$ cat final.csv   # CSV, C-alpha atoms and all ligand atoms
chain,number,residue,atom,x,y,z
A,17,MET,CA,0.0,0.0,0.0
A,18,SER,CA,1.2,3.4,-0.8
A,19,ILE,CA,0.4,6.6,1.2
A,20,ASN,CA,0.4,10.1,-0.3
A,21,GLU,CA,1.7,12.8,2.0
A,22,LEU,CA,-0.7,15.5,0.8
A,23,LYS,CA,-3.7,13.3,1.2
A,24,LEU,CA,-2.7,12.2,4.7
A,25,ALA,CA,-1.8,15.7,5.8
A,26,LYS,CA,-5.2,17.0,4.7
A,27,GLU,CA,-6.9,14.1,6.6
A,28,LEU,CA,-5.0,14.9,9.8
A,29,ILE,CA,-5.7,18.6,9.5
A,30,ARG,CA,-9.4,17.8,9.2
A,31,LYS,CA,-9.3,16.5,12.8
A,32,PRO,CA,-9.6,19.6,15.0
A,33,SER,CA,-7.1,18.4,17.6
A,34,ILE,CA,-6.6,21.6,19.5
A,35,THR,CA,-4.4,20.8,22.4
A,36,PRO,CA,-5.2,18.8,24.5
A,37,LYS,CA,-8.1,17.4,22.4
A,38,ASP,CA,-7.3,14.5,20.1
A,39,ALA,CA,-10.4,14.6,17.9
A,40,GLY,CA,-9.5,11.3,16.3
A,41,ALA,CA,-6.1,12.3,15.0
A,42,ILE,CA,-4.1,9.5,16.7
A,43,ASN,CA,-6.6,6.9,15.5
A,44,LEU,CA,-6.4,8.1,12.0
A,45,LEU,CA,-2.6,7.9,12.1
A,46,ALA,CA,-2.7,4.5,13.7
A,47,LYS,CA,-5.0,3.2,11.0
A,48,ASN,CA,-2.6,4.3,8.3
A,49,LEU,CA,0.4,2.8,10.1
A,50,LYS,CA,-1.4,-0.5,10.6
A,51,SER,CA,-2.0,-0.7,6.9
A,52,LEU,CA,1.8,-0.5,6.5
A,53,GLY,CA,2.3,-3.4,9.0
A,54,PHE,CA,3.1,-1.3,12.1
A,55,LYS,CA,2.2,-2.6,15.5
A,56,CYS,CA,0.4,0.3,17.2
A,57,GLN,CA,0.4,0.8,20.9
A,58,LYS,CA,-1.8,3.5,22.4
A,59,ILE,CA,-0.3,4.8,25.5
A,60,ASN,CA,-2.8,7.1,27.1
A,61,TYR,CA,-2.4,9.1,30.3
A,62,LYS,CA,-5.4,10.9,31.7
A,63,ASN,CA,-7.1,12.7,28.8
A,64,ILE,CA,-4.0,12.5,26.6
A,65,LYS,CA,-3.6,10.1,23.7
A,66,ASN,CA,-0.2,9.0,22.7
A,67,LEU,CA,1.0,6.4,20.1
A,68,TYR,CA,4.1,4.2,19.8
A,69,ALA,CA,4.0,2.4,16.5
A,70,LYS,CA,6.7,0.0,15.4
A,71,LEU,CA,7.5,-1.9,12.2
A,72,GLY,CA,10.0,-4.8,12.7
A,73,LYS,CA,11.6,-6.1,15.8
A,74,SER,CA,15.3,-6.1,15.2
A,75,SER,CA,17.9,-3.5,15.8
A,76,PRO,CA,18.7,-0.7,14.9
A,77,ASN,CA,15.5,1.1,15.7
A,78,PHE,CA,15.1,4.4,13.8
A,79,CYS,CA,12.4,6.5,15.4
A,80,PHE,CA,10.4,9.5,14.2
A,81,ALA,CA,8.8,11.7,16.8
A,82,GLY,CA,6.1,14.3,16.6
A,83,HIS,CA,2.8,15.6,17.8
A,84,THR,CA,-0.7,15.7,16.4
A,85,ASP,CA,-2.1,18.4,18.7
A,86,VAL,CA,-2.2,22.0,17.4
A,87,VAL,CA,-2.5,25.4,18.9
A,88,PRO,CA,-6.0,27.1,18.7
A,89,PRO,CA,-6.7,28.8,15.3
A,90,GLY,CA,-7.5,32.3,16.8
A,91,ASN,CA,-10.3,34.1,15.0
A,92,ILE,CA,-11.5,31.8,12.3
A,93,ASN,CA,-12.9,34.7,10.3
A,94,ASP,CA,-9.3,36.0,9.8
A,95,TRP,CA,-8.4,32.8,7.9
A,96,SER,CA,-8.7,32.6,4.2
A,97,VAL,CA,-9.9,29.0,4.6
A,98,ASN,CA,-11.5,27.1,7.5
A,99,PRO,CA,-8.4,26.1,9.5
A,100,PHE,CA,-9.8,22.6,9.8
A,101,LYS,CA,-11.0,22.2,6.3
A,102,PRO,CA,-7.6,22.3,4.6
A,103,ASN,CA,-7.4,23.8,1.1
A,104,VAL,CA,-4.8,24.2,-1.6
A,105,LYS,CA,-4.4,27.7,-2.9
A,106,ASN,CA,-1.5,29.0,-5.0
A,107,LYS,CA,0.3,25.7,-4.6
A,108,LYS,CA,0.1,25.9,-0.8
A,109,LEU,CA,-1.7,23.7,1.6
A,110,ILE,CA,-3.4,26.0,4.2
A,111,GLY,CA,-4.7,24.7,7.6
A,112,ARG,CA,-3.9,24.5,11.3
A,113,GLY,CA,-1.0,22.1,11.6
A,114,ALA,CA,0.1,22.5,8.0
A,115,ASN,CA,3.7,22.8,9.2
A,116,ASP,CA,3.5,22.4,13.0
A,117,MET,CA,3.4,19.5,12.4
A,118,LYS,CA,0.8,17.3,10.9
A,119,SER,CA,2.3,17.6,7.4
A,120,SER,CA,5.8,16.4,8.5
A,121,ILE,CA,4.2,13.3,10.1
A,122,ALA,CA,2.4,12.7,6.8
A,123,CYS,CA,5.7,13.1,4.9
A,124,PHE,CA,7.4,10.5,7.2
A,125,VAL,CA,4.6,8.0,6.8
A,126,ALA,CA,4.6,8.5,3.1
A,127,ALA,CA,8.4,8.0,3.1
A,128,VAL,CA,8.0,4.7,5.0
A,129,SER,CA,5.4,3.4,2.6
A,130,ARG,CA,7.7,4.2,-0.3
A,131,PHE,CA,10.8,2.7,1.4
A,132,LYS,CA,9.0,-0.5,2.5
A,133,LYS,CA,7.6,-1.1,-1.0
A,134,LYS,CA,11.1,-1.1,-2.5
A,135,LYS,CA,12.9,-3.4,-0.2
A,136,LYS,CA,13.3,-5.5,2.9
A,137,PHE,CA,15.4,-4.0,5.6
A,138,LYS,CA,17.1,-5.2,8.7
A,139,GLY,CA,16.1,-3.2,11.8
A,140,SER,CA,12.9,-1.4,12.8
A,141,ILE,CA,11.2,1.9,12.2
A,142,SER,CA,9.1,3.4,14.9
A,143,LEU,CA,6.9,6.5,15.5
A,144,LEU,CA,6.5,8.2,18.8
A,145,ILE,CA,3.5,10.5,18.5
A,146,THR,CA,1.9,12.6,21.2
A,147,GLY,CA,-1.3,14.6,21.6
A,148,ASP,CA,0.3,16.8,24.3
A,149,GLU,CA,3.1,19.0,22.9
A,150,GLU,CA,1.6,22.4,22.5
A,151,GLY,CA,0.0,22.3,26.0
A,152,ILE,CA,1.5,21.6,29.4
A,153,ALA,CA,3.2,18.5,28.0
A,154,ILE,CA,3.0,16.5,31.2
A,155,ASN,CA,1.2,13.4,29.9
A,156,GLY,CA,2.8,13.3,26.5
A,157,THR,CA,6.3,12.5,25.4
A,158,LYS,CA,7.7,12.9,28.9
A,159,ARG,CA,5.7,10.0,30.2
A,160,VAL,CA,6.0,7.9,27.1
A,161,VAL,CA,9.8,8.1,27.3
A,162,LYS,CA,9.6,6.9,30.9
A,163,TYR,CA,7.4,4.1,29.9
A,164,LEU,CA,9.7,3.0,27.0
A,165,LYS,CA,12.7,3.2,29.2
A,166,LYS,CA,11.1,1.0,31.8
A,167,ARG,CA,10.3,-1.5,29.1
A,168,ARG,CA,13.9,-1.3,27.9
A,169,GLU,CA,12.8,-0.3,24.5
A,170,LYS,CA,15.9,0.7,22.6
A,171,ILE,CA,15.8,3.6,20.2
A,172,ASN,CA,19.0,4.0,18.3
A,173,PHE,CA,18.3,7.4,16.7
A,174,CYS,CA,15.4,9.8,16.8
A,175,LEU,CA,14.4,12.3,14.2
A,176,ILE,CA,11.9,14.8,15.4
A,177,GLY,CA,9.8,16.5,12.7
A,178,GLU,CA,9.3,19.9,14.2
A,179,PRO,CA,9.5,22.9,11.8
A,180,THR,CA,13.1,23.8,12.1
A,181,ASN,CA,13.7,25.9,9.0
A,182,PRO,CA,13.3,29.7,9.4
A,183,ASN,CA,12.6,30.6,5.7
A,184,LYS,CA,13.7,27.9,3.3
A,185,LEU,CA,13.6,24.1,3.5
A,186,GLY,CA,17.1,22.9,4.1
A,187,GLU,CA,18.4,25.8,6.2
A,188,MET,CA,18.4,24.4,9.6
A,189,ILE,CA,18.8,21.2,11.6
A,190,LYS,CA,18.5,21.4,15.4
A,191,ILE,CA,20.9,19.4,17.4
A,192,GLY,CA,20.1,20.7,20.8
A,193,ARG,CA,18.0,23.2,22.6
A,194,ARG,CA,18.5,25.9,25.2
A,195,GLY,CA,17.0,25.4,28.7
A,196,SER,CA,14.2,27.5,30.0
A,197,ILE,CA,13.4,28.6,33.5
A,198,THR,CA,10.7,31.0,34.7
A,199,GLY,CA,10.9,32.7,38.1
A,200,ARG,CA,8.0,34.3,40.0
A,201,LEU,CA,9.4,36.7,42.6
A,202,SER,CA,7.6,38.5,45.4
A,203,VAL,CA,9.2,41.1,47.5
A,204,ILE,CA,7.4,41.7,50.8
A,205,GLY,CA,7.8,45.0,52.7
A,206,THR,CA,5.6,46.9,55.0
A,207,GLN,CA,2.4,48.8,53.9
A,208,GLY,CA,1.9,52.3,55.1
A,209,HIS,CA,0.9,55.9,54.4
A,210,VAL,CA,2.9,57.6,51.6
A,211,ALA,CA,3.2,60.7,53.8
A,212,TYR,CA,4.9,58.7,56.6
A,213,PRO,CA,7.5,56.6,54.7
A,214,LEU,CA,9.5,56.0,57.9
A,215,ARG,CA,6.6,53.9,59.3
A,216,ALA,CA,6.5,51.7,56.1
A,217,ASN,CA,9.0,49.8,54.0
A,218,ASN,CA,8.3,50.1,50.3
A,219,PRO,CA,9.2,46.7,48.5
A,220,SER,CA,9.2,48.4,45.1
A,221,SER,CA,12.6,49.9,45.8
A,222,ALA,CA,14.2,46.5,46.5
A,223,MET,CA,12.3,45.0,43.5
A,224,ILE,CA,13.8,47.7,41.2
A,225,LYS,CA,17.3,47.0,42.5
A,226,ILE,CA,16.9,43.3,42.1
A,227,LEU,CA,15.5,43.5,38.5
A,228,LYS,CA,18.3,45.9,37.5
A,229,LYS,CA,20.9,43.6,39.0
A,230,ILE,CA,19.6,40.3,37.5
A,231,LYS,CA,19.2,41.9,34.1
A,232,GLU,CA,22.8,43.1,34.2
A,233,ILE,CA,24.4,39.8,35.1
A,234,LYS,CA,26.5,38.6,32.2
A,235,LEU,CA,25.6,35.0,32.2
A,236,ASP,CA,28.1,33.9,29.4
A,237,ARG,CA,29.2,34.9,25.9
A,238,GLY,CA,27.7,31.8,24.2
A,239,THR,CA,29.5,28.7,23.0
A,240,LYS,CA,30.4,27.2,19.6
A,241,ASN,CA,26.9,25.6,19.5
A,242,PHE,CA,24.8,28.0,21.5
A,243,GLN,CA,24.0,31.7,21.6
A,244,PRO,CA,24.5,33.6,24.9
A,245,SER,CA,22.1,32.9,27.7
A,246,ASN,CA,19.5,35.6,28.2
A,247,LEU,CA,17.2,36.8,30.9
A,248,GLU,CA,14.0,38.8,30.1
A,249,ILE,CA,11.7,40.4,32.7
A,250,THR,CA,8.2,39.5,31.5
A,251,LYS,CA,6.0,41.0,34.2
A,252,ILE,CA,6.2,43.6,36.9
A,253,ASN,CA,3.2,44.0,39.2
A,254,ILE,CA,2.2,46.0,42.2
A,255,ASP,CA,-1.4,45.5,43.0
A,256,ASN,CA,-2.1,48.8,44.6
A,257,HIS,CA,-5.3,50.8,44.1
A,258,ALA,CA,-4.7,53.8,46.3
A,259,ASP,CA,-2.2,56.5,45.5
A,260,ASN,CA,-1.6,57.4,49.1
A,261,VAL,CA,-0.5,54.0,50.1
A,262,ILE,CA,3.0,52.5,50.1
A,263,PRO,CA,2.3,48.9,48.9
A,264,GLY,CA,3.1,45.9,51.0
A,265,SER,CA,4.4,43.7,48.3
A,266,ALA,CA,5.7,43.7,44.7
A,267,GLU,CA,5.8,40.9,42.2
A,268,ALA,CA,7.8,40.2,39.1
A,269,VAL,CA,8.2,37.4,36.6
A,270,PHE,CA,11.3,36.6,34.5
A,271,ASN,CA,12.4,33.9,32.1
A,272,ILE,CA,15.9,32.8,31.2
A,273,ARG,CA,16.8,30.9,28.1
A,274,PHE,CA,20.1,29.3,28.9
A,275,ASN,CA,22.8,27.3,27.2
A,276,ASN,CA,24.7,24.3,28.5
A,277,LYS,CA,27.2,26.4,30.5
A,278,HIS,CA,24.4,26.5,33.1
A,279,SER,CA,21.9,24.3,34.7
A,280,SER,CA,18.6,25.3,36.3
A,281,THR,CA,20.2,24.5,39.7
A,282,SER,CA,23.3,26.8,39.1
A,283,LEU,CA,21.0,29.6,37.9
A,284,LYS,CA,18.7,29.3,40.9
A,285,LYS,CA,21.8,29.6,43.2
A,286,LYS,CA,23.1,32.7,41.5
A,287,LEU,CA,19.7,34.4,41.5
A,288,ASN,CA,18.8,33.5,45.1
A,289,ALA,CA,22.1,35.1,46.2
A,290,VAL,CA,21.0,38.4,44.6
A,291,PHE,CA,17.5,38.2,46.1
A,292,ASN,CA,19.0,37.4,49.5
A,293,SER,CA,21.5,40.2,49.7
A,294,ILE,CA,19.3,43.0,48.3
A,295,THR,CA,16.2,42.1,50.4
A,296,LYS,CA,18.4,41.8,53.5
A,297,LYS,CA,19.9,45.3,53.0
A,298,SER,CA,16.3,46.7,52.3
A,299,LYS,CA,14.9,44.8,55.3
A,300,CYS,CA,12.4,43.1,53.1
A,301,LYS,CA,11.5,39.5,52.6
A,302,PHE,CA,11.2,37.6,49.4
A,303,ASN,CA,9.5,34.6,47.9
A,304,ILE,CA,10.5,32.8,44.7
A,305,LYS,CA,8.9,30.1,42.7
A,306,TYR,CA,10.7,28.5,39.8
A,307,GLU,CA,9.3,26.5,36.9
A,308,VAL,CA,11.9,24.7,34.8
A,309,SER,CA,10.6,23.6,31.4
A,310,GLY,CA,13.8,22.0,30.4
A,311,GLU,CA,17.6,21.9,30.8
A,312,ALA,CA,19.9,22.9,28.0
A,313,PHE,CA,21.2,19.9,26.0
A,314,LEU,CA,23.2,19.1,22.9
A,315,THR,CA,23.4,15.9,20.9
A,316,LYS,CA,27.0,15.8,19.7
A,317,PRO,CA,26.9,15.4,15.9
A,318,ASN,CA,27.6,11.8,14.9
A,319,LYS,CA,27.7,10.0,11.6
A,320,THR,CA,23.9,9.9,11.3
A,321,THR,CA,23.8,13.6,11.9
A,322,TYR,CA,26.2,14.2,9.0
A,323,MET,CA,24.5,11.7,6.8
A,324,ILE,CA,21.2,13.6,7.3
A,325,GLN,CA,22.9,16.9,6.7
A,326,ASN,CA,24.3,15.6,3.4
A,327,ILE,CA,20.9,14.3,2.2
A,328,ILE,CA,19.2,17.6,2.9
A,329,LYS,CA,21.9,19.4,1.0
A,330,LYS,CA,21.6,17.0,-1.9
A,331,ILE,CA,17.8,17.5,-2.2
A,332,THR,CA,17.5,21.2,-1.3
A,333,ARG,CA,20.9,22.4,-2.5
A,334,ILE,CA,21.3,24.2,0.8
A,335,LYS,CA,23.7,23.0,3.5
A,336,PRO,CA,21.7,23.0,6.7
A,337,LYS,CA,23.2,24.7,9.8
A,338,LEU,CA,23.5,22.6,12.9
A,339,SER,CA,21.7,24.9,15.4
A,340,THR,CA,20.3,25.1,18.9
A,341,THR,CA,18.2,28.3,18.6
A,342,GLY,CA,14.5,28.7,19.3
A,343,GLY,CA,12.1,27.4,22.0
A,344,THR,CA,12.0,24.0,23.7
A,345,SER,CA,10.7,20.9,22.0
A,346,ASP,CA,10.0,17.3,23.0
A,347,ALA,CA,13.6,16.5,22.2
A,348,ARG,CA,14.3,17.6,25.7
A,349,PHE,CA,12.6,14.3,26.9
A,350,ILE,CA,13.7,12.0,24.1
A,351,ARG,CA,17.4,12.8,24.3
A,352,LYS,CA,17.3,11.0,27.6
A,353,ILE,CA,16.9,7.7,25.8
A,354,ALA,CA,18.3,8.3,22.3
A,355,PRO,CA,20.5,10.7,20.3
A,356,CYS,CA,18.1,13.2,18.6
A,357,LEU,CA,18.0,15.6,15.7
A,358,GLU,CA,15.2,17.8,14.6
A,359,PHE,CA,14.3,18.5,11.0
A,360,GLY,CA,11.0,19.4,9.5
A,361,LEU,CA,9.2,22.1,7.5
A,362,ILE,CA,9.4,25.9,7.6
A,363,GLY,CA,8.4,27.6,10.9
A,364,LYS,CA,7.5,31.0,9.4
A,365,THR,CA,3.7,30.6,9.6
A,366,MET,CA,3.4,28.3,12.5
A,367,HIS,CA,0.9,29.2,15.2
A,368,LYS,CA,-0.3,32.0,12.9
A,369,ILE,CA,-3.4,32.7,10.9
A,370,ASP,CA,-3.3,30.9,7.5
A,371,GLU,CA,-0.6,28.5,8.6
A,372,SER,CA,0.6,27.0,5.3
A,373,VAL,CA,3.1,24.7,3.6
A,374,SER,CA,4.1,24.7,-0.1
A,375,LEU,CA,3.3,21.6,-2.0
A,376,SER,CA,6.8,21.4,-3.4
A,377,ASP,CA,8.3,21.4,0.2
A,378,LEU,CA,5.9,18.6,1.1
A,379,LYS,CA,7.3,16.5,-1.8
A,380,LYS,CA,10.9,17.5,-0.9
A,381,LEU,CA,10.5,16.6,2.8
A,382,THR,CA,9.1,13.1,1.9
A,383,ASN,CA,12.0,12.7,-0.4
A,384,ILE,CA,14.5,13.7,2.3
A,385,TYR,CA,12.9,11.3,4.9
A,386,HIS,CA,12.8,8.5,2.3
A,387,ASN,CA,16.5,9.0,1.5
A,388,ILE,CA,17.4,9.1,5.2
A,389,LEU,CA,15.7,5.7,5.7
A,390,GLU,CA,17.5,4.2,2.7
A,391,ASN,CA,20.8,5.4,4.0
A,392,TYR,CA,20.3,4.5,7.6
A,393,PHE,CA,19.4,0.9,6.7
A,394,LYS,CA,22.0,0.5,4.0
B,1,ZN,ZN,5.4,21.6,17.1
$ encode --input "final.csv" --output "structure tokens"
Amino acid sequence: MSINELKLAKELIRKPSITPKDAGAINLLAKNLKSLGFKCQKINYKNIKNLYAKLGKSSPNFCFAGHTDVVPPGNINDWSVNPFKPNVKNKKLIGRGANDMKSSIACFVAAVSRFKKKKKFKGSISLLITGDEEGIAINGTKRVVKYLKKRREKINFCLIGEPTNPNKLGEMIKIGRRGSITGRLSVIGTQGHVAYPLRANNPSSAMIKILKKIKEIKLDRGTKNFQPSNLEITKINIDNHADNVIPGSAEAVFNIRFNNKHSSTSLKKKLNAVFNSITKKSKCKFNIKYEVSGEAFLTKPNKTTYMIQNIIKKITRIKPKLSTTGGTSDARFIRKIAPCLEFGLIGKTMHKIDESVSLSDLKKLTNIYHNILENYFK
């Protein structure tokens, strides 16, 4: 049986799987994979559907990972087509998930069907697909990876089909990602009358000093593979409704995207020291809550990385950069059990109105994935 990437991409987009809803997307994918001989295991946690599908039993196991959930469409009236009734216009497929990332899943499945038809191979091909990537991502890949690890399922290499290219297909492979930590800081002083500042202690003064200090810390200058770590203050709030009152507390939120010169633990230590010393001097107290969405990581390029880089160059005539830029992805979980690399479509329109992918890129990506399989199992 042969599977066409455009047809499957359209069918997947027709399922309105707005995170964390599945809307039948995983079942549709499983049905297609079964027709190719895959054994499909549904691994569901709470309301989240996940799929681990495998063709063959022997080693090596080449895995493709991705997600079928999508972000909400925004105002449907702003779209030129219904985001869940995909349409081709000017040689572009438009719909929610067109490049993040239902289409790249479709390209991989089409590549497998082509590869399988041509020859027998030694090893196995698997797909790790989650319905929980765009949301809080607790019951998705994170838990499936734990499950696979416990069952001693070996994955020798994992290709993640996220849209990695900024503007043109072939520009960028991701071999790692920066870490991300968010801090929610409260500084607590003493409330009072603005006319009697000596009887109060304004926490905003300490907060201003703290924010200036943490913004000015030079975390690093970047590395060969990573850009410099960066802190951004994302929220400052003093919930005060009276102009004659010195507030009792002040809040701020910041986020750091950091490279592998730091860990969330080393950053917390550094920041806490600043909060401690400034609040002490100002006779205030502080409270900090951290959320770590991932540590920085890098998969050192190996021969599979370079093989994939060469194939992309051959097909797109662009030599892809090995990069670690951008946000986090499920690679942060998968790298714990397998070397990873990310390569998919173009990210320019992802999460936007009229998300789209060109038909020629769809063909090229299927071609790239097909060539990767042929070379990997050579
Ligand atoms: Zn995505």
$ atom_distance --input "final.csv" --atom1 "CA of Lys380 (chain A)" --atom2 "CA of Ile331 (chain A)"
7.0 Å
$ closest_residue --input "final.csv" --among "A:His367, A:Lys335, A:Arg168, A:Lys132" --to "ligand ZN 1 (chain B)" --atoms "only C-alpha atoms and all ligand atoms"
A:His367
$ closest_residue --input "final.csv" --among "A:Ser51, A:Ser376, A:Asn172, A:Ser119" --to "Asn77 (chain A)" --atoms "all atoms listed in the file"
A:Asn172
$ closest_residue --input "final.csv" --among "A:Gly310, A:Gly139, A:Pro36, A:Gly53" --to "Ile197 (chain A)" --atoms "only C-alpha atoms"
A:Gly310
$ closest_residue --input "final.csv" --among "A:Lys62, A:Lys165, A:Lys240, A:Lys190" --to "Glu178 (chain A)" --atoms "only C-alpha atoms"
A:Lys190
$ closest_atom_pairs --input "final.csv" --of "chain A" --to "ligand ZN 1 (chain B)" --cutoff "8 Å" --atoms "only C-alpha atoms and all ligand atoms" --output "Markdown table"
| residue | atom | partner | partner_atom | distance |
| --- | --- | --- | --- | --- |
| A:Gly82 | CA | B:ZN1 | ZN | 7.4 |
| A:His83 | CA | B:ZN1 | ZN | 6.6 |
| A:Val86 | CA | B:ZN1 | ZN | 7.6 |
| A:Asp116 | CA | B:ZN1 | ZN | 4.6 |
| A:Met117 | CA | B:ZN1 | ZN | 5.5 |
| A:Glu149 | CA | B:ZN1 | ZN | 6.8 |
| A:Glu150 | CA | B:ZN1 | ZN | 6.7 |
| A:Glu178 | CA | B:ZN1 | ZN | 5.1 |
| A:Pro179 | CA | B:ZN1 | ZN | 6.8 |
| A:Ser345 | CA | B:ZN1 | ZN | 7.3 |
$ atom_distance --input "final.csv" --atom1 "CA of Ile362 (chain A)" --atom2 "CA of Phe131 (chain A)"
24.1 Å
$ atom_distance --input "final.csv" --atom1 "CA of Phe124 (chain A)" --atom2 "CA of Gly195 (chain A)"
27.9 Å
$ closest_residue --input "final.csv" --among "A:Ile152, A:Glu27, A:Asn181, A:Lys105" --to "Lys364 (chain A)" --atoms "only C-alpha atoms"
A:Asn181
$ residues_around --input "final.csv" --residues "region 276-290 of chain A" --least-positions-apart "6" --cutoff "7 Å" --atoms "all atoms listed in the file" --output "list in words"
Ile197, Ile226, Val308, Glu311, Ala312 and Phe313 of chain A
$ closest_residue --input "final.csv" --among "A:Phe100, A:Phe274, A:Tyr61, A:Tyr385" --to "Gln325 (chain A)" --atoms "all atoms listed in the file"
A:Tyr385
$ residues_around --input "final.csv" --residues "Ala211 (chain A)" --least-positions-apart "5" --cutoff "10 Å" --atoms "all atoms listed in the file" --output "PyMOL selection string"
chain A and resi 216+260-262
